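Visitor: Pasting my_file_21.cif below, which is mmCIF, C-alpha atoms.
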data_protein
loop_
_atom_site.group_PDB
_atom_site.id
_atom_site.type_symbol
_atom_site.label_atom_id
_atom_site.label_comp_id
_atom_site.auth_asym_id
_atom_site.auth_seq_id
_atom_site.Cartn_x
_atom_site.Cartn_y
_atom_site.Cartn_z
ATOM 1 C CA MET A 1 -15.407 -17.413 15.077
ATOM 2 C CA GLU A 2 -14.432 -15.558 11.888
ATOM 3 C CA THR A 3 -11.544 -13.119 12.104
ATOM 4 C CA ARG A 4 -12.006 -9.685 10.613
ATOM 5 C CA ARG A 5 -9.668 -9.011 7.730
ATOM 6 C CA ASP A 6 -8.045 -5.636 7.486
ATOM 7 C CA VAL A 7 -6.384 -3.576 4.783
ATOM 8 C CA PHE A 8 -2.917 -4.591 5.954
ATOM 9 C CA GLN A 9 -3.749 -8.249 5.330
ATOM 10 C CA ALA A 10 -4.948 -7.342 1.857
ATOM 11 C CA ILE A 11 -1.803 -5.528 0.809
ATOM 12 C CA ALA A 12 0.513 -8.079 2.446
ATOM 13 C CA ASP A 13 0.119 -10.393 -0.542
ATOM 14 C CA PRO A 14 1.802 -9.444 -3.841
ATOM 15 C CA THR A 15 -1.005 -10.999 -5.908
ATOM 16 C CA ARG A 16 -3.589 -8.866 -4.147
ATOM 17 C CA ARG A 17 -1.462 -5.750 -4.618
ATOM 18 C CA GLN A 18 -1.324 -6.575 -8.331
ATOM 19 C CA ILE A 19 -5.093 -7.026 -8.484
ATOM 20 C CA ILE A 20 -5.593 -3.666 -6.728
ATOM 21 C CA ASP A 21 -3.265 -2.047 -9.239
ATOM 22 C CA MET A 22 -5.131 -3.616 -12.156
ATOM 23 C CA VAL A 23 -8.633 -2.578 -11.083
ATOM 24 C CA ALA A 24 -7.481 0.860 -9.879
ATOM 25 C CA HIS A 25 -6.967 1.845 -13.511
ATOM 26 C CA HIS A 26 -10.305 0.502 -14.755
ATOM 27 C CA PRO A 27 -12.898 -2.065 -13.642
ATOM 28 C CA LEU A 28 -12.251 -5.617 -14.847
ATOM 29 C CA ASN A 29 -14.246 -8.815 -14.787
ATOM 30 C CA LEU A 30 -12.880 -11.841 -12.947
ATOM 31 C CA ASN A 31 -11.888 -13.593 -16.175
ATOM 32 C CA ALA A 32 -9.786 -10.627 -17.308
ATOM 33 C CA ILE A 33 -8.049 -10.560 -13.924
ATOM 34 C CA SER A 34 -7.516 -14.341 -13.920
ATOM 35 C CA GLU A 35 -5.859 -14.225 -17.348
ATOM 36 C CA LYS A 36 -3.017 -12.143 -15.907
ATOM 37 C CA PHE A 37 -2.005 -14.800 -13.370
ATOM 38 C CA GLU A 38 -0.664 -18.315 -13.550
ATOM 39 C CA MET A 39 -3.197 -19.647 -11.071
ATOM 40 C CA SER A 40 -6.727 -20.924 -11.222
ATOM 41 C CA ARG A 41 -9.708 -18.615 -11.518
ATOM 42 C CA GLN A 42 -10.812 -19.994 -8.159
ATOM 43 C CA ALA A 43 -7.531 -18.864 -6.557
ATOM 44 C CA VAL A 44 -7.931 -15.388 -8.062
ATOM 45 C CA SER A 45 -11.540 -15.314 -6.806
ATOM 46 C CA LEU A 46 -10.273 -16.026 -3.289
ATOM 47 C CA HIS A 47 -7.881 -13.090 -3.512
ATOM 48 C CA VAL A 48 -10.702 -10.876 -4.777
ATOM 49 C CA LYS A 49 -12.910 -12.102 -1.912
ATOM 50 C CA ILE A 50 -10.261 -11.038 0.614
ATOM 51 C CA LEU A 51 -9.991 -7.646 -1.077
ATOM 52 C CA THR A 52 -13.772 -7.208 -0.897
ATOM 53 C CA GLU A 53 -13.806 -8.209 2.783
ATOM 54 C CA CYS A 54 -11.204 -5.512 3.420
ATOM 55 C CA GLY A 55 -13.218 -2.955 1.474
ATOM 56 C CA LEU A 56 -10.609 -2.342 -1.234
ATOM 57 C CA VAL A 57 -12.600 -3.906 -4.079
ATOM 58 C CA VAL A 58 -16.302 -3.993 -4.863
ATOM 59 C CA VAL A 59 -17.677 -6.728 -7.105
ATOM 60 C CA LYS A 60 -20.713 -5.695 -9.111
ATOM 61 C CA GLN A 61 -22.910 -7.942 -11.189
ATOM 62 C CA GLN A 62 -23.189 -6.601 -14.749
ATOM 63 C CA GLY A 63 -25.302 -8.970 -16.753
ATOM 64 C CA ARG A 64 -23.636 -12.377 -16.512
ATOM 65 C CA GLU A 65 -20.299 -10.939 -15.492
ATOM 66 C CA ARG A 66 -18.905 -10.008 -12.102
ATOM 67 C CA VAL A 67 -16.877 -6.803 -12.453
ATOM 68 C CA CYS A 68 -14.307 -5.705 -9.886
ATOM 69 C CA GLU A 69 -13.884 -2.023 -9.083
ATOM 70 C CA ALA A 70 -11.285 -0.472 -6.784
ATOM 71 C CA LYS A 71 -12.389 1.336 -3.627
ATOM 72 C CA LEU A 72 -9.094 2.848 -2.570
ATOM 73 C CA ASP A 73 -10.410 4.931 0.324
ATOM 74 C CA GLY A 74 -9.451 2.023 2.581
ATOM 75 C CA LEU A 75 -5.798 2.619 1.783
ATOM 76 C CA GLY A 76 -6.076 5.818 3.835
ATOM 77 C CA GLU A 77 -5.580 3.680 6.924
ATOM 78 C CA VAL A 78 -2.287 2.378 5.523
ATOM 79 C CA SER A 79 -1.244 5.847 4.439
ATOM 80 C CA ALA A 80 -1.903 7.261 7.928
ATOM 81 C CA TRP A 81 0.067 4.449 9.541
ATOM 82 C CA VAL A 82 3.036 4.980 7.213
ATOM 83 C CA GLU A 83 2.848 8.763 7.607
ATOM 84 C CA GLN A 84 3.451 8.622 11.361
ATOM 85 C CA TYR A 85 6.727 6.781 10.758
ATOM 86 C CA ARG A 86 7.695 9.084 7.895
ATOM 87 C CA LEU A 87 7.269 12.066 10.220
ATOM 88 C CA PHE A 88 9.166 10.282 13.004
ATOM 89 C CA TRP A 89 12.157 9.613 10.740
ATOM 90 C CA LYS A 90 12.012 13.029 9.107
ATOM 91 C CA GLU A 91 12.291 14.598 12.556
ATOM 92 C CA ARG A 92 15.226 12.337 13.457
ATOM 93 C CA PHE A 93 17.078 13.061 10.218
ATOM 94 C CA THR A 94 16.483 16.794 10.622
ATOM 95 C CA SER A 95 17.981 16.609 14.134
ATOM 96 C CA LEU A 96 20.934 14.613 12.828
ATOM 97 C CA GLU A 97 21.489 17.117 10.018
ATOM 98 C CA LYS A 98 21.483 20.028 12.509
ATOM 99 C CA TYR A 99 23.946 18.203 14.731
ATOM 100 C CA LEU A 100 26.282 17.371 11.838
ATOM 101 C CA ASN A 101 26.148 20.974 10.621
ATOM 102 C CA LYS A 102 27.129 22.153 14.126
ATOM 103 C CA VAL A 103 30.017 19.686 14.280
ATOM 104 C CA GLN A 104 31.195 20.737 10.824
ATOM 105 C CA ALA A 105 30.971 24.425 11.750
ATOM 106 C CA ARG A 106 33.059 23.788 14.898
ATOM 107 C CA LYS A 107 35.717 21.995 12.871
ATOM 108 C CA LYS A 108 35.909 24.911 10.422
ATOM 109 C CA THR A 109 36.184 27.381 13.310
ATOM 110 C CA LYS A 110 39.012 25.324 14.902
ATOM 111 C CA LYS A 111 40.912 25.154 11.582
ATOM 112 C CA LYS A 112 40.661 28.929 11.138
ATOM 113 C CA ARG A 113 42.098 29.466 14.627
ATOM 114 C CA SER A 114 45.041 27.142 14.025
#
In structure tokens, how does this file's structure come out?
Guide:
Amino acid sequence: METRRDVFQAIADPTRRQIIDMVAHHPLNLNAISEKFEMSRQAVSLHVKILTECGLVVVKQQGRERVCEAKLDGLGEVSAWVEQYRLFWKERFTSLEKYLNKVQARKKTKKKRS
């Protein structure tokens, strides 16, 4: 039974994040990508395969070359996941700020009375 790869698996690896960054700027063939890493072309191809399985990269045949293009729509899932925690913490920090402002205002009021 083959496990389904997801976007989170793709971005968990620094090499894959680098590949995404490279092809996000402009499509590159596998050789051009491989030249940027100190690993075999086969290892880079495996990373690209994982990225294609996750839907973040599309490999197109152009003549004799296989060109990788970014499909960054899939990162929306990651963005949505991160956003919920950003909102959670923003709400908490806003509450903390309000509380600290109240405490500070009370201290100022007490000092004025003394």
Visitor: Give as a ChimeraX atom specification the residues that the PyMOL selection byres ((chain A and resi 60) around 12) matches when applied to the coordinates above.
Guide: /A:27-30,52,57-59,61-70
Visitor: Just the number, please: distance in Å from atom CA of A:Arg86 to atom CA of A:Lys98, one decimal.
Guide: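 Answer for the atom CA of A:Arg86 to atom CA of A:Lys98 separation: 18.2 Å.
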Visitor: Near A:Leu72, counting all atoms listed in the file, which residues have an atom at most 9 Å away, once you skip same-chain residues fewer than 3 positions from it, shown as an mmCIF file with C-alpha atoms, keeping the file's coordinate frame?
Guide:
data_model
loop_
_atom_site.group_PDB
_atom_site.id
_atom_site.type_symbol
_atom_site.label_atom_id
_atom_site.label_comp_id
_atom_site.auth_asym_id
_atom_site.auth_seq_id
_atom_site.Cartn_x
_atom_site.Cartn_y
_atom_site.Cartn_z
ATOM 1 C CA ILE A 20 -5.593 -3.666 -6.728
ATOM 2 C CA ALA A 24 -7.481 0.860 -9.879
ATOM 3 C CA GLY A 55 -13.218 -2.955 1.474
ATOM 4 C CA LEU A 56 -10.609 -2.342 -1.234
ATOM 5 C CA VAL A 57 -12.600 -3.906 -4.079
ATOM 6 C CA LEU A 75 -5.798 2.619 1.783
ATOM 7 C CA GLY A 76 -6.076 5.818 3.835
#
Visitor: Find the residues near A:Phe8: any atom within 9 Å, counting only C-alpha atoms, skip ones fewer than 6 places away on the same chain, and give them as a VMD selection string.
Guide: chain A and resid 54 75 77 to 78
Visitor: Could you tell me how far atom CA of A:Asp73 sits from atom CA of A:Arg92, in Å to one decimal place?
Guide: 29.7 Å
Visitor: Which residues are close to A:Thr15, i.e. within 12 Å by all atoms listed in the file, leaving aside same-chain residues fewer than 2 positions away? Reply as a PyMOL selection string.
Guide: chain A and resi 9-13+17-22+33-34+36-39+43-48+50-51
Visitor: If you keep C-alpha atoms, can you produce a file of those selected residues as a PDB file, keeping the file's coordinate frame?
Guide:
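Just written: out.pdb:
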ATOM      1  CA  GLN A   9      -3.749  -8.249   5.330  1.00  0.00           C
ATOM      2  CA  ALA A  10      -4.948  -7.342   1.857  1.00  0.00           C
ATOM      3  CA  ILE A  11      -1.803  -5.528   0.809  1.00  0.00           C
ATOM      4  CA  ALA A  12       0.513  -8.079   2.446  1.00  0.00           C
ATOM      5  CA  ASP A  13       0.119 -10.393  -0.542  1.00  0.00           C
ATOM      6  CA  ARG A  17      -1.462  -5.750  -4.618  1.00  0.00           C
ATOM      7  CA  GLN A  18      -1.324  -6.575  -8.331  1.00  0.00           C
ATOM      8  CA  ILE A  19      -5.093  -7.026  -8.484  1.00  0.00           C
ATOM      9  CA  ILE A  20      -5.593  -3.666  -6.728  1.00  0.00           C
ATOM     10  CA  ASP A  21      -3.265  -2.047  -9.239  1.00  0.00           C
ATOM     11  CA  MET A  22      -5.131  -3.616 -12.156  1.00  0.00           C
ATOM     12  CA  ILE A  33      -8.049 -10.560 -13.924  1.00  0.00           C
ATOM     13  CA  SER A  34      -7.516 -14.341 -13.920  1.00  0.00           C
ATOM     14  CA  LYS A  36      -3.017 -12.143 -15.907  1.00  0.00           C
ATOM     15  CA  PHE A  37      -2.005 -14.800 -13.370  1.00  0.00           C
ATOM     16  CA  GLU A  38      -0.664 -18.315 -13.550  1.00  0.00           C
ATOM     17  CA  MET A  39      -3.197 -19.647 -11.071  1.00  0.00           C
ATOM     18  CA  ALA A  43      -7.531 -18.864  -6.557  1.00  0.00           C
ATOM     19  CA  VAL A  44      -7.931 -15.388  -8.062  1.00  0.00           C
ATOM     20  CA  SER A  45     -11.540 -15.314  -6.806  1.00  0.00           C
ATOM     21  CA  LEU A  46     -10.273 -16.026  -3.289  1.00  0.00           C
ATOM     22  CA  HIS A  47      -7.881 -13.090  -3.512  1.00  0.00           C
ATOM     23  CA  VAL A  48     -10.702 -10.876  -4.777  1.00  0.00           C
ATOM     24  CA  ILE A  50     -10.261 -11.038   0.614  1.00  0.00           C
ATOM     25  CA  LEU A  51      -9.991  -7.646  -1.077  1.00  0.00           C
TER      26      LEU A  51
END
Visitor: So which one's closest to A:Lys49, A:Arg16, A:Lys102, A:Glu35, A:Glu83? Using all atoms listed in the file, please.
Guide: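 Result for the nearest residue to A:Lys49: A:Arg16.
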Visitor: May I ask for the distance between atom CA of A:Glu53 and atom CA of A:Asp6, given in Å to one decimal place?
Guide: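 If I compute the distance from atom CA of A:Glu53 to atom CA of A:Asp6, I get 7.9 Å.
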Visitor: Please, what is the axis-aligned box for every listed atom of stretch 2-17 of chain A with 4 Å on each side, as centre and edge lengths in Å to one decimal, as JSON?
Guide:
{"center_x": -6.3, "center_y": -9.6, "center_z": 3.1, "size_x": 24.2, "size_y": 20.0, "size_z": 26.0}
Visitor: Please rebuild stretch 46-64 of chain A with N, CA and C atoms and give the result as a PDB file, in the frame of the given file.
Guide:
ATOM      1  N   LEU A  46     -10.538 -16.081  -4.731  1.00  0.00           N
ATOM      2  CA  LEU A  46     -10.273 -16.026  -3.289  1.00  0.00           C
ATOM      3  C   LEU A  46      -9.541 -14.728  -2.936  1.00  0.00           C
ATOM      4  N   HIS A  47      -8.579 -14.361  -3.748  1.00  0.00           N
ATOM      5  CA  HIS A  47      -7.881 -13.090  -3.512  1.00  0.00           C
ATOM      6  C   HIS A  47      -8.850 -11.915  -3.609  1.00  0.00           C
ATOM      7  N   VAL A  48      -9.709 -11.945  -4.608  1.00  0.00           N
ATOM      8  CA  VAL A  48     -10.702 -10.876  -4.777  1.00  0.00           C
ATOM      9  C   VAL A  48     -11.650 -10.856  -3.579  1.00  0.00           C
ATOM     10  N   LYS A  49     -12.023 -12.019  -3.085  1.00  0.00           N
ATOM     11  CA  LYS A  49     -12.910 -12.102  -1.912  1.00  0.00           C
ATOM     12  C   LYS A  49     -12.257 -11.415  -0.706  1.00  0.00           C
ATOM     13  N   ILE A  50     -10.975 -11.668  -0.498  1.00  0.00           N
ATOM     14  CA  ILE A  50     -10.261 -11.038   0.614  1.00  0.00           C
ATOM     15  C   ILE A  50     -10.234  -9.522   0.424  1.00  0.00           C
ATOM     16  N   LEU A  51     -10.000  -9.086  -0.801  1.00  0.00           N
ATOM     17  CA  LEU A  51      -9.991  -7.646  -1.077  1.00  0.00           C
ATOM     18  C   LEU A  51     -11.359  -7.011  -0.838  1.00  0.00           C
ATOM     19  N   THR A  52     -12.432  -7.748  -1.144  1.00  0.00           N
ATOM     20  CA  THR A  52     -13.772  -7.208  -0.897  1.00  0.00           C
ATOM     21  C   THR A  52     -14.063  -7.174   0.603  1.00  0.00           C
ATOM     22  N   GLU A  53     -13.610  -8.190   1.329  1.00  0.00           N
ATOM     23  CA  GLU A  53     -13.806  -8.209   2.783  1.00  0.00           C
ATOM     24  C   GLU A  53     -13.081  -7.057   3.466  1.00  0.00           C
ATOM     25  N   CYS A  54     -11.980  -6.623   2.876  1.00  0.00           N
ATOM     26  CA  CYS A  54     -11.204  -5.512   3.420  1.00  0.00           C
ATOM     27  C   CYS A  54     -11.716  -4.164   2.920  1.00  0.00           C
ATOM     28  N   GLY A  55     -12.638  -4.186   1.987  1.00  0.00           N
ATOM     29  CA  GLY A  55     -13.218  -2.955   1.474  1.00  0.00           C
ATOM     30  C   GLY A  55     -12.403  -2.255   0.398  1.00  0.00           C
ATOM     31  N   LEU A  56     -11.442  -2.961  -0.194  1.00  0.00           N
ATOM     32  CA  LEU A  56     -10.609  -2.342  -1.234  1.00  0.00           C
ATOM     33  C   LEU A  56     -11.135  -2.585  -2.643  1.00  0.00           C
ATOM     34  N   VAL A  57     -12.012  -3.575  -2.782  1.00  0.00           N
ATOM     35  CA  VAL A  57     -12.600  -3.906  -4.079  1.00  0.00           C
ATOM     36  C   VAL A  57     -14.087  -4.152  -3.877  1.00  0.00           C
ATOM     37  N   VAL A  58     -14.865  -3.710  -4.843  1.00  0.00           N
ATOM     38  CA  VAL A  58     -16.302  -3.993  -4.863  1.00  0.00           C
ATOM     39  C   VAL A  58     -16.559  -4.810  -6.116  1.00  0.00           C
ATOM     40  N   VAL A  59     -17.324  -5.896  -5.960  1.00  0.00           N
ATOM     41  CA  VAL A  59     -17.677  -6.728  -7.105  1.00  0.00           C
ATOM     42  C   VAL A  59     -19.138  -6.447  -7.437  1.00  0.00           C
ATOM     43  N   LYS A  60     -19.358  -6.021  -8.668  1.00  0.00           N
ATOM     44  CA  LYS A  60     -20.713  -5.695  -9.111  1.00  0.00           C
ATOM     45  C   LYS A  60     -21.122  -6.659 -10.216  1.00  0.00           C
ATOM     46  N   GLN A  61     -22.362  -7.075 -10.149  1.00  0.00           N
ATOM     47  CA  GLN A  61     -22.910  -7.942 -11.189  1.00  0.00           C
ATOM     48  C   GLN A  61     -23.348  -7.073 -12.358  1.00  0.00           C
ATOM     49  N   GLN A  62     -22.778  -7.313 -13.531  1.00  0.00           N
ATOM     50  CA  GLN A  62     -23.189  -6.601 -14.749  1.00  0.00           C
ATOM     51  C   GLN A  62     -23.551  -7.652 -15.778  1.00  0.00           C
ATOM     52  N   GLY A  63     -24.835  -7.892 -15.886  1.00  0.00           N
ATOM     53  CA  GLY A  63     -25.302  -8.970 -16.753  1.00  0.00           C
ATOM     54  C   GLY A  63     -24.849 -10.304 -16.183  1.00  0.00           C
ATOM     55  N   ARG A  64     -24.133 -11.078 -16.994  1.00  0.00           N
ATOM     56  CA  ARG A  64     -23.636 -12.377 -16.512  1.00  0.00           C
ATOM     57  C   ARG A  64     -22.244 -12.276 -15.907  1.00  0.00           C
TER      58      ARG A  64
END
